[in-house]
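Undergrad: The structure follows.
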Amino acid sequence: MFERLQGKNVLISGIGEACAYQFAAAGANVVLSARRLDRLSTVSATIRSKHPTVTVETIELDVRSSEAVDRAVSSVSGNIDILVNNAGLAMGTDTVDNLTDSAIDTVIDTNVKGLLYVSRAVVRRMKQQGGGHIVMMGSIAGIVGYQTGSVYCATKAAVRAITESLRAETIGVPIRVTEIKPGMVETEFSVVRYGGDKEKASGVYRGIEPMTADDVAESVVFAASRHPRCVVADVVLLATGQASATLSHRK
Ligand code: 8X3
């Protein structure tokens, strides 16, 4: 089912560990770029030992710097067939009147400006090479705002807007653009959002079985492995028992 990914080159921004493993398992070469090189080194060592025929590169990258993004993208050898635009975070759970400058700036700079810097550099590459596929990591938080989510929800609404604009701009070029909008997924996302408080973070998933990073990665890999004539444009992923960002059934 995933044979179309064999030998493709995939650039993943942000840790994207589950995606990296699944692409490598499908025979794709992966380039991992994120701020924490130690984490990437662990992922790349695992991939190398499990899938010795694929290549793995790691690049230390903070997407908030446009120069660093341009340098990182130019350092990738060969085509970039697939980009998984995954770097992003939520920070804090403050109402608008309590937001700190740092929460506003870090989240917008990473989720919106960083995503644009990476998209710009990669779209230029894909136009030169004659095509490619960009998978944007959106969220159901981009569909509807919720209490204490203003900045994060705004950035994910921006991801939706950027995705739609890019898809419209690339209709004459074989660049496919997909947006995946996950709901409740248990990753370190909530730990980061709650400033490292693991107890509060796990409270988000109390009484409901959240999705895992693997569930999201399966959709990314599915979208990327469709026939070139077909674009999986939009995927909304919810935990079973979840109806929206604000409505879930908890036992
Ligand atoms: C994360 C989904 O519902 O926590 O993107 O905002 S939610």
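Residue numbering restarts at 1 in every chain; chains get A, B, ... in the order shown in the structure tokens, and ligands count up from 1 in that same order.
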For Glu186 (chain A), list every protein, DNA or RNA residue within 7 Å, evaluated using only C-alpha atoms, and leave out those in the same chain fewer than 5 positions away; present the list as number ranges by chain.

TA: A: 210-212

Undergrad: Could you list, as a PDB file with all heavy atoms, in the first residue's frame, all protein and nucleic acid residues with an atom at most 7 Å from ligand 1, counting only C-alpha atoms and all ligand atoms?

TA:
ATOM      1  N   SER A 139      -4.810  21.512  13.196  1.00  0.00           N
ATOM      2  CA  SER A 139      -5.421  21.006  14.434  1.00  0.00           C
ATOM      3  C   SER A 139      -6.914  21.316  14.387  1.00  0.00           C
ATOM      4  O   SER A 139      -7.335  22.283  13.732  1.00  0.00           O
ATOM      5  CB  SER A 139      -4.805  21.725  15.642  1.00  0.00           C
ATOM      6  OG  SER A 139      -5.565  21.473  16.809  1.00  0.00           O
ATOM      7  N   ILE A 140      -7.662  20.549  15.148  1.00  0.00           N
ATOM      8  CA  ILE A 140      -9.073  20.915  15.277  1.00  0.00           C
ATOM      9  C   ILE A 140      -9.197  22.249  16.027  1.00  0.00           C
ATOM     10  O   ILE A 140     -10.235  22.895  15.961  1.00  0.00           O
ATOM     11  CB  ILE A 140      -9.916  19.818  15.979  1.00  0.00           C
ATOM     12  CG1 ILE A 140      -9.364  19.475  17.353  1.00  0.00           C
ATOM     13  CG2 ILE A 140     -10.023  18.577  15.121  1.00  0.00           C
ATOM     14  CD1 ILE A 140     -10.369  18.734  18.216  1.00  0.00           C
ATOM     15  N   ALA A 141      -8.120  22.656  16.693  1.00  0.00           N
ATOM     16  CA  ALA A 141      -8.117  23.969  17.351  1.00  0.00           C
ATOM     17  C   ALA A 141      -8.181  25.109  16.329  1.00  0.00           C
ATOM     18  O   ALA A 141      -8.449  26.255  16.692  1.00  0.00           O
ATOM     19  CB  ALA A 141      -6.864  24.111  18.215  1.00  0.00           C
ATOM     20  N   CYS A 153      -5.137  28.457  19.020  1.00  0.00           N
ATOM     21  CA  CYS A 153      -6.232  28.319  18.042  1.00  0.00           C
ATOM     22  C   CYS A 153      -6.020  29.279  16.861  1.00  0.00           C
ATOM     23  O   CYS A 153      -6.238  28.914  15.705  1.00  0.00           O
ATOM     24  CB  CYS A 153      -7.579  28.608  18.706  1.00  0.00           C
ATOM     25  SG  CYS A 153      -8.035  27.398  19.972  1.00  0.00           S
ATOM     26  N   PRO A 182      -5.459  17.054  13.754  1.00  0.00           N
ATOM     27  CA  PRO A 182      -5.730  16.116  14.846  1.00  0.00           C
ATOM     28  C   PRO A 182      -6.454  16.780  16.004  1.00  0.00           C
ATOM     29  O   PRO A 182      -6.301  17.976  16.255  1.00  0.00           O
ATOM     30  CB  PRO A 182      -4.338  15.659  15.293  1.00  0.00           C
ATOM     31  CG  PRO A 182      -3.368  16.222  14.311  1.00  0.00           C
ATOM     32  CD  PRO A 182      -4.037  17.397  13.691  1.00  0.00           C
ATOM     33  N   GLY A 183      -7.219  15.965  16.700  1.00  0.00           N
ATOM     34  CA  GLY A 183      -7.814  16.381  17.967  1.00  0.00           C
ATOM     35  C   GLY A 183      -6.928  15.889  19.093  1.00  0.00           C
ATOM     36  O   GLY A 183      -5.725  16.153  19.103  1.00  0.00           O
ATOM     37  N   MET A 184      -7.526  15.102  20.005  1.00  0.00           N
ATOM     38  CA  MET A 184      -6.812  14.716  21.214  1.00  0.00           C
ATOM     39  C   MET A 184      -5.770  13.628  20.951  1.00  0.00           C
ATOM     40  O   MET A 184      -6.110  12.476  20.696  1.00  0.00           O
ATOM     41  CB  MET A 184      -7.862  14.190  22.192  1.00  0.00           C
ATOM     42  CG  MET A 184      -7.543  14.470  23.610  1.00  0.00           C
ATOM     43  SD  MET A 184      -8.831  13.808  24.641  1.00  0.00           S
ATOM     44  CE  MET A 184      -9.974  15.149  24.703  1.00  0.00           C
ATOM     45  N   VAL A 185      -4.516  14.010  20.996  1.00  0.00           N
ATOM     46  CA  VAL A 185      -3.413  13.073  20.782  1.00  0.00           C
ATOM     47  C   VAL A 185      -2.507  13.168  21.993  1.00  0.00           C
ATOM     48  O   VAL A 185      -2.118  14.273  22.374  1.00  0.00           O
ATOM     49  CB  VAL A 185      -2.552  13.473  19.556  1.00  0.00           C
ATOM     50  CG1 VAL A 185      -1.499  12.407  19.283  1.00  0.00           C
ATOM     51  CG2 VAL A 185      -3.403  13.713  18.338  1.00  0.00           C
ATOM     52  N   ALA A 245     -13.183  20.084  19.507  1.00  0.00           N
ATOM     53  CA  ALA A 245     -12.155  20.505  20.475  1.00  0.00           C
ATOM     54  C   ALA A 245     -12.776  20.695  21.865  1.00  0.00           C
ATOM     55  O   ALA A 245     -12.080  20.614  22.872  1.00  0.00           O
ATOM     56  CB  ALA A 245     -11.501  21.797  20.002  1.00  0.00           C
TER      57      ALA A 245
END

Undergrad: Which residues come within 10 Å of Gly138 (chain A), counting only C-alpha atoms, excluding same-chain residues fewer than 2 positions away, as a PyMOL selection string?

TA: chain A and resi 85-86+88+111+135-136+140-143+153+155-160+163+178-183+234-236

Undergrad: Which residue out of A:Ser165, A:Ser75, A:Ser65, A:Gln147 has the minimum interatomic distance to Asp94 (chain A) when only C-alpha atoms are used?

TA: A:Gln147

Undergrad: Can you tell me, as a list in words, what residues are no more than 7 Å from Gln6 (chain A) when counting only C-alpha atoms, ignoring any on the same chain fewer than 6 positions away?

TA: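 In the requested format, the answer is Ala26, Gly27 and Ala28 of chain A.
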
Undergrad: Counting only C-alpha atoms, figure out which residue out of A:Val112, A:Gly241, A:Asp38, A:Asp214 gets nearest to Phe23 (chain A).

TA: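 Distance minimum relative to Phe23 (chain A) lands on A:Asp214.
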
Undergrad: When you look at Phe189 (chain A) with a cut-off of 9 Å (counting only C-alpha atoms), what residues show up, excluding the ones that are within fewer than 5 positions of it in the same chain? I need them as a VMD selection string.

TA: chain A and resid 88 to 90 194 201

Undergrad: Which residues are near Val123 (chain A)? Cut-off 12 Å, only C-alpha atoms, ignore same chain within fewer than 6 positions. Put them as a ChimeraX atom specification.

TA: /A:70,73,79-83,85,115-117,129-135,166-167,169-170,173-177

Undergrad: Dump N, CA and C atoms for the selected residues as an mmCIF file, in the first residue's frame?

TA:
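As a result, part.cif now contains:
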data_model
loop_
_atom_site.group_PDB
_atom_site.id
_atom_site.type_symbol
_atom_site.label_atom_id
_atom_site.label_comp_id
_atom_site.auth_asym_id
_atom_site.auth_seq_id
_atom_site.Cartn_x
_atom_site.Cartn_y
_atom_site.Cartn_z
ATOM 1 N N ASP A 70 16.403 28.655 5.715
ATOM 2 C CA ASP A 70 16.924 28.643 4.338
ATOM 3 C C ASP A 70 18.202 27.807 4.247
ATOM 4 N N VAL A 73 17.291 24.046 4.587
ATOM 5 C CA VAL A 73 16.650 23.470 3.391
ATOM 6 C C VAL A 73 17.674 23.348 2.269
ATOM 7 N N ASN A 79 16.313 15.717 -4.091
ATOM 8 C CA ASN A 79 14.984 16.328 -4.065
ATOM 9 C C ASN A 79 14.368 16.261 -2.672
ATOM 10 N N ILE A 80 13.484 17.199 -2.404
ATOM 11 C CA ILE A 80 12.615 17.039 -1.225
ATOM 12 C C ILE A 80 11.258 16.653 -1.808
ATOM 13 N N ASP A 81 10.941 15.372 -1.727
ATOM 14 C CA ASP A 81 9.686 14.906 -2.328
ATOM 15 C C ASP A 81 8.495 15.229 -1.443
ATOM 16 N N ILE A 82 8.712 15.115 -0.143
ATOM 17 C CA ILE A 82 7.608 15.313 0.811
ATOM 18 C C ILE A 82 8.121 16.168 1.968
ATOM 19 N N LEU A 83 7.333 17.159 2.336
ATOM 20 C CA LEU A 83 7.631 17.938 3.548
ATOM 21 C C LEU A 83 6.515 17.684 4.555
ATOM 22 N N ASN A 85 5.279 19.442 7.642
ATOM 23 C CA ASN A 85 5.466 20.723 8.337
ATOM 24 C C ASN A 85 4.852 20.586 9.725
ATOM 25 N N LEU A 115 6.353 28.079 10.163
ATOM 26 C CA LEU A 115 5.716 27.238 9.141
ATOM 27 C C LEU A 115 5.801 27.909 7.755
ATOM 28 N N LEU A 116 5.653 29.234 7.742
ATOM 29 C CA LEU A 116 5.773 29.957 6.468
ATOM 30 C C LEU A 116 7.209 29.936 5.945
ATOM 31 N N TYR A 117 8.183 30.111 6.848
ATOM 32 C CA TYR A 117 9.588 30.089 6.393
ATOM 33 C C TYR A 117 9.914 28.735 5.761
ATOM 34 N N GLN A 129 12.322 21.495 -8.783
ATOM 35 C CA GLN A 129 12.450 20.057 -9.083
ATOM 36 C C GLN A 129 11.231 19.510 -9.813
ATOM 37 N N GLY A 130 10.181 20.321 -9.937
ATOM 38 C CA GLY A 130 9.007 19.938 -10.727
ATOM 39 C C GLY A 130 7.900 19.244 -9.961
ATOM 40 N N GLY A 131 7.882 19.367 -8.650
ATOM 41 C CA GLY A 131 6.738 18.819 -7.903
ATOM 42 C C GLY A 131 7.101 18.408 -6.494
ATOM 43 N N GLY A 132 6.101 17.967 -5.763
ATOM 44 C CA GLY A 132 6.323 17.519 -4.386
ATOM 45 C C GLY A 132 5.012 17.476 -3.619
ATOM 46 N N HIS A 133 5.125 17.233 -2.348
ATOM 47 C CA HIS A 133 3.925 17.098 -1.509
ATOM 48 C C HIS A 133 4.211 17.751 -0.152
ATOM 49 N N ILE A 134 3.336 18.631 0.263
ATOM 50 C CA ILE A 134 3.506 19.308 1.552
ATOM 51 C C ILE A 134 2.360 18.905 2.470
ATOM 52 N N VAL A 135 2.714 18.371 3.619
ATOM 53 C CA VAL A 135 1.700 17.986 4.610
ATOM 54 C C VAL A 135 1.814 18.953 5.786
ATOM 55 N N LEU A 166 -1.813 28.078 -0.334
ATOM 56 C CA LEU A 166 -0.753 27.360 -1.035
ATOM 57 C C LEU A 166 -1.344 26.387 -2.058
ATOM 58 N N ARG A 167 -2.426 25.725 -1.678
ATOM 59 C CA ARG A 167 -3.049 24.776 -2.611
ATOM 60 C C ARG A 167 -3.552 25.522 -3.845
ATOM 61 N N GLU A 169 -2.365 28.357 -4.964
ATOM 62 C CA GLU A 169 -1.227 28.892 -5.719
ATOM 63 C C GLU A 169 -0.509 27.829 -6.531
ATOM 64 N N THR A 170 -0.645 26.583 -6.146
ATOM 65 C CA THR A 170 0.155 25.534 -6.791
ATOM 66 C C THR A 170 -0.683 24.628 -7.701
ATOM 67 N N VAL A 173 1.146 23.482 -10.747
ATOM 68 C CA VAL A 173 2.422 22.773 -10.536
ATOM 69 C C VAL A 173 2.042 21.466 -9.817
ATOM 70 N N PRO A 174 2.723 20.377 -10.105
ATOM 71 C CA PRO A 174 2.311 19.169 -9.365
ATOM 72 C C PRO A 174 2.816 19.163 -7.918
ATOM 73 N N ILE A 175 2.364 20.144 -7.155
ATOM 74 C CA ILE A 175 2.647 20.147 -5.715
ATOM 75 C C ILE A 175 1.330 19.865 -5.013
ATOM 76 N N ARG A 176 1.318 18.782 -4.249
ATOM 77 C CA ARG A 176 0.097 18.439 -3.508
ATOM 78 C C ARG A 176 0.186 19.030 -2.105
ATOM 79 N N VAL A 177 -0.942 19.491 -1.589
ATOM 80 C CA VAL A 177 -0.945 20.109 -0.265
ATOM 81 C C VAL A 177 -2.044 19.463 0.578
#

Undergrad: Would you return as a PyMOL selection string the members of region 148-220 of chain A that DSSP assigns to strand (DSSP E) on this structure's backbone?

TA: chain A and resi 175-182

Undergrad: Could the residues in this selection be saved with all heavy atoms as a PDB file, in the first residue's frame?

TA:
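In the end it all went to result_23.pdb:
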ATOM      1  N   ILE A 175       2.364  20.144  -7.155  1.00  0.00           N
ATOM      2  CA  ILE A 175       2.647  20.147  -5.715  1.00  0.00           C
ATOM      3  C   ILE A 175       1.330  19.865  -5.013  1.00  0.00           C
ATOM      4  O   ILE A 175       0.350  20.594  -5.196  1.00  0.00           O
ATOM      5  CB  ILE A 175       3.228  21.502  -5.252  1.00  0.00           C
ATOM      6  CG1 ILE A 175       4.618  21.724  -5.874  1.00  0.00           C
ATOM      7  CG2 ILE A 175       3.331  21.540  -3.719  1.00  0.00           C
ATOM      8  CD1 ILE A 175       5.283  23.041  -5.498  1.00  0.00           C
ATOM      9  N   ARG A 176       1.318  18.782  -4.249  1.00  0.00           N
ATOM     10  CA  ARG A 176       0.097  18.439  -3.508  1.00  0.00           C
ATOM     11  C   ARG A 176       0.186  19.030  -2.105  1.00  0.00           C
ATOM     12  O   ARG A 176       1.257  19.086  -1.515  1.00  0.00           O
ATOM     13  CB  ARG A 176      -0.058  16.922  -3.421  1.00  0.00           C
ATOM     14  CG  ARG A 176      -0.180  16.279  -4.784  1.00  0.00           C
ATOM     15  CD  ARG A 176      -0.544  14.825  -4.670  1.00  0.00           C
ATOM     16  NE  ARG A 176       0.579  13.992  -4.288  1.00  0.00           N
ATOM     17  CZ  ARG A 176       0.500  12.678  -4.114  1.00  0.00           C
ATOM     18  NH1 ARG A 176      -0.665  12.058  -4.249  1.00  0.00           N
ATOM     19  NH2 ARG A 176       1.561  11.970  -3.788  1.00  0.00           N
ATOM     20  N   VAL A 177      -0.942  19.491  -1.589  1.00  0.00           N
ATOM     21  CA  VAL A 177      -0.945  20.109  -0.265  1.00  0.00           C
ATOM     22  C   VAL A 177      -2.044  19.463   0.578  1.00  0.00           C
ATOM     23  O   VAL A 177      -3.212  19.426   0.174  1.00  0.00           O
ATOM     24  CB  VAL A 177      -1.172  21.640  -0.352  1.00  0.00           C
ATOM     25  CG1 VAL A 177      -1.005  22.271   1.027  1.00  0.00           C
ATOM     26  CG2 VAL A 177      -0.208  22.288  -1.336  1.00  0.00           C
ATOM     27  N   THR A 178      -1.630  18.949   1.708  1.00  0.00           N
ATOM     28  CA  THR A 178      -2.547  18.239   2.611  1.00  0.00           C
ATOM     29  C   THR A 178      -2.549  18.930   3.965  1.00  0.00           C
ATOM     30  O   THR A 178      -1.491  19.366   4.433  1.00  0.00           O
ATOM     31  CB  THR A 178      -2.030  16.788   2.825  1.00  0.00           C
ATOM     32  OG1 THR A 178      -2.056  16.092   1.586  1.00  0.00           O
ATOM     33  CG2 THR A 178      -2.875  16.035   3.854  1.00  0.00           C
ATOM     34  N   GLU A 179      -3.693  19.007   4.601  1.00  0.00           N
ATOM     35  CA  GLU A 179      -3.701  19.428   6.004  1.00  0.00           C
ATOM     36  C   GLU A 179      -4.296  18.314   6.863  1.00  0.00           C
ATOM     37  O   GLU A 179      -5.361  17.783   6.554  1.00  0.00           O
ATOM     38  CB  GLU A 179      -4.513  20.716   6.218  1.00  0.00           C
ATOM     39  CG  GLU A 179      -4.366  21.203   7.664  1.00  0.00           C
ATOM     40  CD  GLU A 179      -5.263  22.368   8.045  1.00  0.00           C
ATOM     41  OE1 GLU A 179      -6.056  22.834   7.210  1.00  0.00           O
ATOM     42  OE2 GLU A 179      -5.178  22.796   9.214  1.00  0.00           O
ATOM     43  N   ILE A 180      -3.579  17.969   7.911  1.00  0.00           N
ATOM     44  CA  ILE A 180      -4.080  16.993   8.888  1.00  0.00           C
ATOM     45  C   ILE A 180      -4.453  17.781  10.138  1.00  0.00           C
ATOM     46  O   ILE A 180      -3.633  18.555  10.657  1.00  0.00           O
ATOM     47  CB  ILE A 180      -2.977  15.962   9.267  1.00  0.00           C
ATOM     48  CG1 ILE A 180      -2.269  15.397   8.035  1.00  0.00           C
ATOM     49  CG2 ILE A 180      -3.547  14.869  10.173  1.00  0.00           C
ATOM     50  CD1 ILE A 180      -2.893  14.241   7.353  1.00  0.00           C
ATOM     51  N   LYS A 181      -5.666  17.586  10.607  1.00  0.00           N
ATOM     52  CA  LYS A 181      -6.128  18.329  11.794  1.00  0.00           C
ATOM     53  C   LYS A 181      -6.438  17.345  12.922  1.00  0.00           C
ATOM     54  O   LYS A 181      -7.570  16.861  13.039  1.00  0.00           O
ATOM     55  CB  LYS A 181      -7.415  19.101  11.469  1.00  0.00           C
ATOM     56  CG  LYS A 181      -7.312  20.141  10.368  1.00  0.00           C
ATOM     57  CD  LYS A 181      -8.681  20.818  10.242  1.00  0.00           C
ATOM     58  CE  LYS A 181      -8.739  21.841   9.149  1.00  0.00           C
ATOM     59  NZ  LYS A 181      -8.766  21.256   7.802  1.00  0.00           N
ATOM     60  N   PRO A 182      -5.459  17.054  13.754  1.00  0.00           N
ATOM     61  CA  PRO A 182      -5.730  16.116  14.846  1.00  0.00           C
ATOM     62  C   PRO A 182      -6.454  16.780  16.004  1.00  0.00           C
ATOM     63  O   PRO A 182      -6.301  17.976  16.255  1.00  0.00           O
ATOM     64  CB  PRO A 182      -4.338  15.659  15.293  1.00  0.00           C
ATOM     65  CG  PRO A 182      -3.368  16.222  14.311  1.00  0.00           C
ATOM     66  CD  PRO A 182      -4.037  17.397  13.691  1.00  0.00           C
TER      67      PRO A 182
END
